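Before any comments, here is the structure.
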Amino acid sequence: MQRYSFSSLLRHTLEGHRGWQPAWQKAEPKDRYDVVVVGAGGHGLATAYYLAKEHGIRNVAVLEKGWLGGGNTGRNTTIIRSNYLYDESAALYDHAVQLWEGLSQELNYNVMFSQRGVMMLAHSEHDSKVAKRHVHANRLNGVDNEWLEPKEAKAFCPPLNIDPAIRYPVVGAALQRRGGTARHDAVAWGYARAASALGVDIVEQCAVEGMELAGDRVVAVRTSKGRIACDRVAVVTAGHTSHVMAMAGLRMPLESVPLQALVSEPVKPIFPCVVMSNTVHAYISQSDKGELVIGAGTDQYVSYSQRGGFPVIEHTLEAIVELFPIFSRMRMLRTWGGIVDVTPDRSPIIGRTPVRGLYVNAGWGTGGFKATPGSGHVFAHTVAHDDPHPIAAPFALERFTTGRLIDEAAAAAVAH
Amino acid sequence: MLLIHCPWCGERPESEFRSGGEAHIRRPDPANAGDAAWADYLYYRTNPKGAHVERWVHTQGCGRWFNAERDTVSDQFQRVYRMDEPR
Ligand SMILES: Cc1cc2nc3c(=O)[nH]c(=O)nc-3n(C[C@H](O)[C@H](O)[C@H](O)COP(=O)(O)OP(=O)(O)OC[C@H]3O[C@@H](n4cnc5c(N)ncnc54)[C@H](O)[C@@H]3O)c2cc1C
Ligand SMILES: [Zn+2]
């Protein structure tokens, strides 16, 4: 792997940029692997990277039916935060934020992690009580979060409308200063490059179409590029997880729905942070290119159509324009959708399955980008040891049978 | 936006309806069901890529429930039927 640095940039510049090598090797699948990771999104690539780096398992393939990072990883609004209510979630998401803080150095790839602060608005007495409860719960878990009065919120985010006469006035906000955004594609590319350098095969255009079991153990996957034998299969396919797990005869506590986002025309820097409102359902930030990045909601029905309904976008923009009237005449450039896998308690599923050798990491729903490094890290441990990482243990599939849910649904409303 | 055929009111825009999720899920017999049966009833869903049977309610119209079969890849409705009809 060519290391990237200021001096290498200088050297390549003097050579007319003719000496750059591909960031990762495109591979054709071998006949067998120790571990097959299904899905080359951020979570799957991170899993492969940590398997190779921390557990010495390098005979690994990542199989991707489309192109690397073309799923939700490349479609999300990149909000990163860890101010979740419950102890289990705070541990999981903050583990990820801690990894984000060193990720560009770790991967030698600029993932543009920017801790510009995530501010979550409260619009009513009820909202403010819920937000303050989060602030206190987070502090007990060592996760930073603070309460701001409307004027302080406006000082932190000048375009915010704090006029008390609007339909959903801003009565305060919870601010996580360590939260922020990162460049989504760079996360996929950075992990792919680092994993490939450690010997991981990344195979694009290779859809997993079936699984072969011997008794209660998985022994191979059938793909559009042929049969691949393996000891372990790690499924990390987000919205397509029910479909893939059905190949091993398993049902999942998941429903797949479209989630949409949109970007505006690029403008000069105006929006310094991330603002979310669960009540009016809007979240917004500004990319380094200058586009406003706006997250919309999910459709209410199961769908794999990878495009959402128009009323969802309309609803979101109504809220944005009321909170930020300055944006009312901006033009939107693109809208798109991704298929997200939603669990009943809005917490992910990480762990073993009833089929031996088959592991699943799914159910991140509308909010798993922020967890990418932490998710890959604890999942790699779980796959390598056939035993859950302590942070992952509460997120095992069994919780739906024991009833020990991690119910972030009511707590976070929209988990981004 | 989907155009949904309410069996009582005819074609109406999606925004008049609420989705009620997967249809034909039967509550297990409380006397005999174990934890796995309850988990399946409460939380596990078919979530198919293809034909899905589901419930809808025409909240902003007649207020009545009905069942439908829809392809989850194309979002095309294949069939709309009453709740007391078999699938
Ligand atoms: C519009 C939108 C906005 C979002 N905003 C945020 C946000 O602000 N913050 C946040 O934290 N999260 C957000 N999310 C959620 C986040 O994007 C996901 O939780 C996360 O990216 C999931 O990563 P992944 O690697 O698991 O999945 P993906 O990136 O979807 O990767 C799964 C891969 O599996 C592949 N695959 C599927 N089936 C097969 C098969 N049979 N064989 C081979 N490969 C297969 C897919 O092609 C895909 O590339 C958002 C999502 C969307 C859609
Ligand atoms: Zn009707």
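How things are named: the first chain in the structure tokens is A, the next is B, and so on; residues count from 1 in each chain; ligands count from 1 in the order shown.
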(message) Contacts from chain B to chain A, 6 Å maximum, only C-alpha atoms: show me the residue list as a VMD selection string.
(response) chain B and resid 1 35 to 36 39 43 to 45 47 72 to 74
(message) Which of chain B end up as alpha helix (DSSP H) when DSSP is run on this backbone - answer as a ChimeraX atom specification?
(response) /B:35-42
(request) Between B:Asn32, B:Ser19, B:Tyr41, B:Pro86, single out the one closest to B:Glu54, counting only C-alpha atoms. (result) B:Ser19
With ligand 1 as the partner and 6 Å as the cut-off, tabulate the residues of chain A that qualify, each row holding the nearest pair of atoms and their distance in Å to one decimal, using only C-alpha atoms and all ligand atoms, sorted by chain and rising number, as JSON lines.
```
{"residue": "A:Val38", "atom": "CA", "partner": "ligand 1", "partner_atom_place_in_ligand_line": "43 (C)", "distance": 5.2}
{"residue": "A:Gly39", "atom": "CA", "partner": "ligand 1", "partner_atom_place_in_ligand_line": "34 (O)", "distance": 3.3}
{"residue": "A:Ala40", "atom": "CA", "partner": "ligand 1", "partner_atom_place_in_ligand_line": "49 (O)", "distance": 5.0}
{"residue": "A:Gly41", "atom": "CA", "partner": "ligand 1", "partner_atom_place_in_ligand_line": "25 (O)", "distance": 3.3}
{"residue": "A:Gly42", "atom": "CA", "partner": "ligand 1", "partner_atom_place_in_ligand_line": "25 (O)", "distance": 4.0}
{"residue": "A:His43", "atom": "CA", "partner": "ligand 1", "partner_atom_place_in_ligand_line": "25 (O)", "distance": 3.8}
{"residue": "A:Gly44", "atom": "CA", "partner": "ligand 1", "partner_atom_place_in_ligand_line": "25 (O)", "distance": 5.4}
{"residue": "A:Leu63", "atom": "CA", "partner": "ligand 1", "partner_atom_place_in_ligand_line": "43 (C)", "distance": 5.3}
{"residue": "A:Glu64", "atom": "CA", "partner": "ligand 1", "partner_atom_place_in_ligand_line": "44 (N)", "distance": 3.8}
{"residue": "A:Lys65", "atom": "CA", "partner": "ligand 1", "partner_atom_place_in_ligand_line": "43 (C)", "distance": 3.9}
{"residue": "A:Gly66", "atom": "CA", "partner": "ligand 1", "partner_atom_place_in_ligand_line": "47 (O)", "distance": 5.0}
{"residue": "A:Gly69", "atom": "CA", "partner": "ligand 1", "partner_atom_place_in_ligand_line": "49 (O)", "distance": 5.4}
{"residue": "A:Gly70", "atom": "CA", "partner": "ligand 1", "partner_atom_place_in_ligand_line": "49 (O)", "distance": 5.0}
{"residue": "A:Gly71", "atom": "CA", "partner": "ligand 1", "partner_atom_place_in_ligand_line": "30 (O)", "distance": 3.6}
{"residue": "A:Asn72", "atom": "CA", "partner": "ligand 1", "partner_atom_place_in_ligand_line": "30 (O)", "distance": 3.7}
{"residue": "A:Thr73", "atom": "CA", "partner": "ligand 1", "partner_atom_place_in_ligand_line": "21 (O)", "distance": 3.6}
{"residue": "A:Arg75", "atom": "CA", "partner": "ligand 1", "partner_atom_place_in_ligand_line": "53 (C)", "distance": 5.3}
{"residue": "A:Asn76", "atom": "CA", "partner": "ligand 1", "partner_atom_place_in_ligand_line": "3 (C)", "distance": 3.4}
{"residue": "A:Thr77", "atom": "CA", "partner": "ligand 1", "partner_atom_place_in_ligand_line": "8 (O)", "distance": 3.9}
{"residue": "A:Thr78", "atom": "CA", "partner": "ligand 1", "partner_atom_place_in_ligand_line": "8 (O)", "distance": 4.1}
{"residue": "A:Ile79", "atom": "CA", "partner": "ligand 1", "partner_atom_place_in_ligand_line": "8 (O)", "distance": 3.7}
{"residue": "A:Ile80", "atom": "CA", "partner": "ligand 1", "partner_atom_place_in_ligand_line": "11 (O)", "distance": 5.5}
{"residue": "A:Cys206", "atom": "CA", "partner": "ligand 1", "partner_atom_place_in_ligand_line": "43 (C)", "distance": 6.0}
{"residue": "A:Ala207", "atom": "CA", "partner": "ligand 1", "partner_atom_place_in_ligand_line": "42 (N)", "distance": 3.6}
{"residue": "A:Val208", "atom": "CA", "partner": "ligand 1", "partner_atom_place_in_ligand_line": "42 (N)", "distance": 3.8}
{"residue": "A:Glu209", "atom": "CA", "partner": "ligand 1", "partner_atom_place_in_ligand_line": "41 (N)", "distance": 5.8}
{"residue": "A:Val236", "atom": "CA", "partner": "ligand 1", "partner_atom_place_in_ligand_line": "26 (O)", "distance": 5.3}
{"residue": "A:Thr237", "atom": "CA", "partner": "ligand 1", "partner_atom_place_in_ligand_line": "34 (O)", "distance": 3.7}
{"residue": "A:Ala238", "atom": "CA", "partner": "ligand 1", "partner_atom_place_in_ligand_line": "27 (O)", "distance": 4.5}
{"residue": "A:His240", "atom": "CA", "partner": "ligand 1", "partner_atom_place_in_ligand_line": "38 (N)", "distance": 5.0}
{"residue": "A:Val244", "atom": "CA", "partner": "ligand 1", "partner_atom_place_in_ligand_line": "41 (N)", "distance": 5.7}
{"residue": "A:Leu259", "atom": "CA", "partner": "ligand 1", "partner_atom_place_in_ligand_line": "53 (C)", "distance": 4.8}
{"residue": "A:Gln260", "atom": "CA", "partner": "ligand 1", "partner_atom_place_in_ligand_line": "1 (C)", "distance": 4.1}
{"residue": "A:Ala261", "atom": "CA", "partner": "ligand 1", "partner_atom_place_in_ligand_line": "1 (C)", "distance": 4.4}
{"residue": "A:Gly295", "atom": "CA", "partner": "ligand 1", "partner_atom_place_in_ligand_line": "3 (C)", "distance": 5.9}
{"residue": "A:Gly337", "atom": "CA", "partner": "ligand 1", "partner_atom_place_in_ligand_line": "1 (C)", "distance": 5.3}
{"residue": "A:Gly338", "atom": "CA", "partner": "ligand 1", "partner_atom_place_in_ligand_line": "53 (C)", "distance": 3.6}
{"residue": "A:Ile339", "atom": "CA", "partner": "ligand 1", "partner_atom_place_in_ligand_line": "53 (C)", "distance": 5.8}
{"residue": "A:Val340", "atom": "CA", "partner": "ligand 1", "partner_atom_place_in_ligand_line": "53 (C)", "distance": 6.0}
{"residue": "A:Trp364", "atom": "CA", "partner": "ligand 1", "partner_atom_place_in_ligand_line": "19 (O)", "distance": 4.6}
{"residue": "A:Gly365", "atom": "CA", "partner": "ligand 1", "partner_atom_place_in_ligand_line": "19 (O)", "distance": 5.2}
{"residue": "A:Thr366", "atom": "CA", "partner": "ligand 1", "partner_atom_place_in_ligand_line": "15 (C)", "distance": 4.2}
{"residue": "A:Gly367", "atom": "CA", "partner": "ligand 1", "partner_atom_place_in_ligand_line": "12 (N)", "distance": 3.3}
{"residue": "A:Gly368", "atom": "CA", "partner": "ligand 1", "partner_atom_place_in_ligand_line": "19 (O)", "distance": 3.0}
{"residue": "A:Phe369", "atom": "CA", "partner": "ligand 1", "partner_atom_place_in_ligand_line": "11 (O)", "distance": 3.5}
{"residue": "A:Lys370", "atom": "CA", "partner": "ligand 1", "partner_atom_place_in_ligand_line": "11 (O)", "distance": 3.7}
{"residue": "A:His416", "atom": "CA", "partner": "ligand 1", "partner_atom_place_in_ligand_line": "9 (N)", "distance": 4.5}
```
Output C-alpha atoms for every residue in the selection just made, as a short mmCIF file (atom, residue, chain, number, x, y, z; two decimals), in the first residue's frame.
```cif
data_model
loop_
_atom_site.label_atom_id
_atom_site.label_comp_id
_atom_site.auth_asym_id
_atom_site.auth_seq_id
_atom_site.Cartn_x
_atom_site.Cartn_y
_atom_site.Cartn_z
CA VAL A 38 -21.49 -10.44 2.71
CA GLY A 39 -21.92 -6.75 1.86
CA ALA A 40 -19.21 -4.15 1.16
CA GLY A 41 -20.79 -1.27 3.01
CA GLY A 42 -18.86 0.53 5.71
CA HIS A 43 -19.82 -2.04 8.34
CA GLY A 44 -18.78 -5.05 6.25
CA LEU A 63 -18.64 -10.01 -1.42
CA GLU A 64 -20.67 -7.12 -2.80
CA LYS A 65 -23.56 -7.48 -5.23
CA GLY A 66 -23.18 -3.94 -6.54
CA GLY A 69 -20.14 1.63 -0.62
CA GLY A 70 -23.14 1.82 -2.98
CA GLY A 71 -25.68 0.87 -0.30
CA ASN A 72 -26.71 3.00 2.64
CA THR A 73 -23.10 3.89 3.34
CA ARG A 75 -26.58 7.34 0.68
CA ASN A 76 -26.69 8.60 4.24
CA THR A 77 -26.56 12.09 5.71
CA THR A 78 -23.45 11.20 7.77
CA ILE A 79 -24.58 12.42 11.18
CA ILE A 80 -22.38 11.04 13.95
CA CYS A 206 -20.79 -10.70 -6.73
CA ALA A 207 -24.25 -11.29 -5.26
CA VAL A 208 -24.76 -13.99 -2.66
CA GLU A 209 -27.70 -16.06 -3.93
CA VAL A 236 -23.76 -7.24 6.87
CA THR A 237 -26.37 -6.39 4.25
CA ALA A 238 -28.49 -3.68 5.92
CA HIS A 240 -31.43 -6.81 2.45
CA VAL A 244 -30.10 -13.00 2.75
CA LEU A 259 -35.40 6.34 3.85
CA GLN A 260 -34.78 9.48 1.83
CA ALA A 261 -32.38 12.40 1.79
CA GLY A 295 -32.51 14.04 5.89
CA GLY A 337 -33.49 6.76 -1.08
CA GLY A 338 -31.85 3.82 0.63
CA ILE A 339 -33.43 0.69 2.09
CA VAL A 340 -33.01 0.58 5.85
CA TRP A 364 -29.00 -0.34 12.17
CA GLY A 365 -32.03 1.11 10.45
CA THR A 366 -31.94 4.85 9.96
CA GLY A 367 -28.86 5.47 12.06
CA GLY A 368 -25.92 3.13 11.60
CA PHE A 369 -23.36 5.24 9.76
CA LYS A 370 -22.23 6.82 13.03
CA HIS A 416 -29.83 9.08 13.31
#
```
(request) Give the residues close to ligand 2, within 7 Å, counting only C-alpha atoms and all ligand atoms; write them as a list in words. (result) Cys6, Pro7, Trp8, Cys9, Gly10, His58, Gly61, Cys62, Gly63 and Arg64 of chain B
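Around B:Arg55, within 9 Å and counting only C-alpha atoms, the residues found are Arg18, Ser19, Gly20, Gly21, Glu22, Ala23, His24, Trp65, Phe66, Asn67, Ala68, Glu69 and Met83 of chain B, once anything fewer than 3 positions away on its own chain is removed.
Excluding stretch 189-194 of chain A and any residue on its chain fewer than 4 positions from it, the residues at most 7 Å away by only C-alpha atoms are Ala23, Trp24, Leu45, Ala46, Tyr49, Leu107, Tyr109, Asp185 and Leu198 of chain A.
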Quick one: write out the picked residues with all heavy atoms as a PDB file, in the first residue's frame?
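Wrote it out as part_27.pdb, contents follow:
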```
ATOM      1  N   ALA A  23      -6.119   2.341  -5.039  1.00  0.00           N
ATOM      2  CA  ALA A  23      -6.184   2.335  -3.573  1.00  0.00           C
ATOM      3  C   ALA A  23      -6.360   0.913  -3.037  1.00  0.00           C
ATOM      4  O   ALA A  23      -5.835   0.554  -2.005  1.00  0.00           O
ATOM      5  CB  ALA A  23      -7.306   3.238  -3.100  1.00  0.00           C
ATOM      6  N   TRP A  24      -7.145   0.085  -3.742  1.00  0.00           N
ATOM      7  CA  TRP A  24      -7.287  -1.313  -3.321  1.00  0.00           C
ATOM      8  C   TRP A  24      -7.318  -2.201  -4.554  1.00  0.00           C
ATOM      9  O   TRP A  24      -7.566  -1.743  -5.663  1.00  0.00           O
ATOM     10  CB  TRP A  24      -8.546  -1.534  -2.474  1.00  0.00           C
ATOM     11  CG  TRP A  24      -9.833  -1.315  -3.206  1.00  0.00           C
ATOM     12  CD1 TRP A  24     -10.531  -2.232  -3.921  1.00  0.00           C
ATOM     13  CD2 TRP A  24     -10.570  -0.084  -3.303  1.00  0.00           C
ATOM     14  NE1 TRP A  24     -11.657  -1.649  -4.464  1.00  0.00           N
ATOM     15  CE2 TRP A  24     -11.701  -0.337  -4.091  1.00  0.00           C
ATOM     16  CE3 TRP A  24     -10.367   1.202  -2.793  1.00  0.00           C
ATOM     17  CZ2 TRP A  24     -12.641   0.662  -4.381  1.00  0.00           C
ATOM     18  CZ3 TRP A  24     -11.301   2.191  -3.080  1.00  0.00           C
ATOM     19  CH2 TRP A  24     -12.420   1.902  -3.861  1.00  0.00           C
ATOM     20  N   LEU A  45     -16.904  -3.742   5.429  1.00  0.00           N
ATOM     21  CA  LEU A  45     -15.487  -3.483   5.177  1.00  0.00           C
ATOM     22  C   LEU A  45     -14.734  -3.292   6.486  1.00  0.00           C
ATOM     23  O   LEU A  45     -13.610  -3.775   6.648  1.00  0.00           O
ATOM     24  CB  LEU A  45     -15.343  -2.248   4.274  1.00  0.00           C
ATOM     25  CG  LEU A  45     -15.847  -2.464   2.844  1.00  0.00           C
ATOM     26  CD1 LEU A  45     -16.073  -1.130   2.133  1.00  0.00           C
ATOM     27  CD2 LEU A  45     -14.868  -3.329   2.041  1.00  0.00           C
ATOM     28  N   ALA A  46     -15.356  -2.601   7.446  1.00  0.00           N
ATOM     29  CA  ALA A  46     -14.710  -2.412   8.749  1.00  0.00           C
ATOM     30  C   ALA A  46     -14.543  -3.769   9.441  1.00  0.00           C
ATOM     31  O   ALA A  46     -13.501  -4.043  10.048  1.00  0.00           O
ATOM     32  CB  ALA A  46     -15.527  -1.466   9.615  1.00  0.00           C
ATOM     33  N   TYR A  49     -11.610  -5.474   7.899  1.00  0.00           N
ATOM     34  CA  TYR A  49     -10.361  -4.814   8.306  1.00  0.00           C
ATOM     35  C   TYR A  49      -9.949  -5.246   9.713  1.00  0.00           C
ATOM     36  O   TYR A  49      -8.797  -5.617   9.944  1.00  0.00           O
ATOM     37  CB  TYR A  49     -10.542  -3.293   8.235  1.00  0.00           C
ATOM     38  CG  TYR A  49      -9.413  -2.531   8.879  1.00  0.00           C
ATOM     39  CD1 TYR A  49      -8.156  -2.466   8.274  1.00  0.00           C
ATOM     40  CD2 TYR A  49      -9.595  -1.877  10.101  1.00  0.00           C
ATOM     41  CE1 TYR A  49      -7.106  -1.773   8.883  1.00  0.00           C
ATOM     42  CE2 TYR A  49      -8.554  -1.183  10.712  1.00  0.00           C
ATOM     43  CZ  TYR A  49      -7.319  -1.137  10.100  1.00  0.00           C
ATOM     44  OH  TYR A  49      -6.285  -0.464  10.700  1.00  0.00           O
ATOM     45  N   LEU A 107      -6.309   4.641   9.426  1.00  0.00           N
ATOM     46  CA  LEU A 107      -6.447   4.121   8.064  1.00  0.00           C
ATOM     47  C   LEU A 107      -5.485   4.790   7.084  1.00  0.00           C
ATOM     48  O   LEU A 107      -5.398   4.385   5.935  1.00  0.00           O
ATOM     49  CB  LEU A 107      -7.884   4.310   7.558  1.00  0.00           C
ATOM     50  CG  LEU A 107      -8.991   3.609   8.350  1.00  0.00           C
ATOM     51  CD1 LEU A 107     -10.351   3.937   7.754  1.00  0.00           C
ATOM     52  CD2 LEU A 107      -8.770   2.097   8.368  1.00  0.00           C
ATOM     53  N   TYR A 109      -6.055   7.565   5.789  1.00  0.00           N
ATOM     54  CA  TYR A 109      -7.007   7.989   4.754  1.00  0.00           C
ATOM     55  C   TYR A 109      -7.901   9.038   5.385  1.00  0.00           C
ATOM     56  O   TYR A 109      -8.447   8.810   6.471  1.00  0.00           O
ATOM     57  CB  TYR A 109      -7.848   6.792   4.306  1.00  0.00           C
ATOM     58  CG  TYR A 109      -8.474   6.962   2.946  1.00  0.00           C
ATOM     59  CD1 TYR A 109      -7.840   6.477   1.805  1.00  0.00           C
ATOM     60  CD2 TYR A 109      -9.686   7.618   2.795  1.00  0.00           C
ATOM     61  CE1 TYR A 109      -8.398   6.643   0.554  1.00  0.00           C
ATOM     62  CE2 TYR A 109     -10.253   7.784   1.539  1.00  0.00           C
ATOM     63  CZ  TYR A 109      -9.599   7.289   0.429  1.00  0.00           C
ATOM     64  OH  TYR A 109     -10.152   7.458  -0.805  1.00  0.00           O
ATOM     65  N   ASP A 185     -18.250   8.252   1.573  1.00  0.00           N
ATOM     66  CA  ASP A 185     -17.501   7.431   0.613  1.00  0.00           C
ATOM     67  C   ASP A 185     -16.092   7.146   1.125  1.00  0.00           C
ATOM     68  O   ASP A 185     -15.572   6.036   0.969  1.00  0.00           O
ATOM     69  CB  ASP A 185     -17.377   8.158  -0.733  1.00  0.00           C
ATOM     70  CG  ASP A 185     -18.707   8.282  -1.438  1.00  0.00           C
ATOM     71  OD1 ASP A 185     -19.550   7.376  -1.263  1.00  0.00           O
ATOM     72  OD2 ASP A 185     -18.908   9.273  -2.164  1.00  0.00           O
ATOM     73  N   LEU A 198      -4.050  -5.627   3.822  1.00  0.00           N
ATOM     74  CA  LEU A 198      -3.783  -6.732   4.748  1.00  0.00           C
ATOM     75  C   LEU A 198      -4.129  -8.086   4.120  1.00  0.00           C
ATOM     76  O   LEU A 198      -4.105  -9.113   4.789  1.00  0.00           O
ATOM     77  CB  LEU A 198      -4.581  -6.533   6.043  1.00  0.00           C
ATOM     78  CG  LEU A 198      -4.155  -5.333   6.917  1.00  0.00           C
ATOM     79  CD1 LEU A 198      -5.143  -5.114   8.059  1.00  0.00           C
ATOM     80  CD2 LEU A 198      -2.746  -5.529   7.455  1.00  0.00           C
TER      81      LEU A 198
END
```
(message) I'd like to know which residues of stretch 169-368 of chain A are strand (DSSP E or B) (by DSSP, run on the backbone); could you write them as number ranges by chain?
(response) A: 172-176, 180-181, 201-203, 208-214, 217-223, 226-235, 252, 255-264, 274-277, 282-286, 292-298, 332-342, 349-352, 356, 358-362
(request) Mind giving me the straight-line distance from atom CA of A:Ala195 to atom CA of A:Ala52 in Å, one decimal? (result) 7.1 Å
Which polymer residues have any atom within 12 Å of an atom of A:Ser5, counting only C-alpha atoms, with same-chain residues fewer than 6 positions away left out, as a PDB file with N, CA and C atoms, in the first residue's frame?
```pdb
ATOM      1  N   ARG A  11       5.917  14.516  -3.877  1.00  0.00           N
ATOM      2  CA  ARG A  11       6.706  13.709  -4.801  1.00  0.00           C
ATOM      3  C   ARG A  11       5.887  13.363  -6.050  1.00  0.00           C
ATOM      4  N   HIS A  12       4.641  12.946  -5.841  1.00  0.00           N
ATOM      5  CA  HIS A  12       3.794  12.577  -6.980  1.00  0.00           C
ATOM      6  C   HIS A  12       3.460  13.804  -7.831  1.00  0.00           C
ATOM      7  N   SER A 104      -8.814   8.616  10.733  1.00  0.00           N
ATOM      8  CA  SER A 104      -8.026   9.052   9.573  1.00  0.00           C
ATOM      9  C   SER A 104      -6.572   8.622   9.718  1.00  0.00           C
ATOM     10  N   GLN A 105      -6.035   8.721  10.955  1.00  0.00           N
ATOM     11  CA  GLN A 105      -4.653   8.297  11.204  1.00  0.00           C
ATOM     12  C   GLN A 105      -4.559   6.773  11.097  1.00  0.00           C
ATOM     13  N   ASN A 108      -4.809   5.840   7.529  1.00  0.00           N
ATOM     14  CA  ASN A 108      -4.000   6.665   6.636  1.00  0.00           C
ATOM     15  C   ASN A 108      -4.855   7.141   5.446  1.00  0.00           C
ATOM     16  N   TYR A 109      -6.055   7.565   5.789  1.00  0.00           N
ATOM     17  CA  TYR A 109      -7.007   7.989   4.754  1.00  0.00           C
ATOM     18  C   TYR A 109      -7.901   9.038   5.385  1.00  0.00           C
ATOM     19  N   ASN A 110      -8.042  10.171   4.738  1.00  0.00           N
ATOM     20  CA  ASN A 110      -8.794  11.261   5.352  1.00  0.00           C
ATOM     21  C   ASN A 110     -10.303  11.007   5.246  1.00  0.00           C
TER      22      ASN A 110
END
```
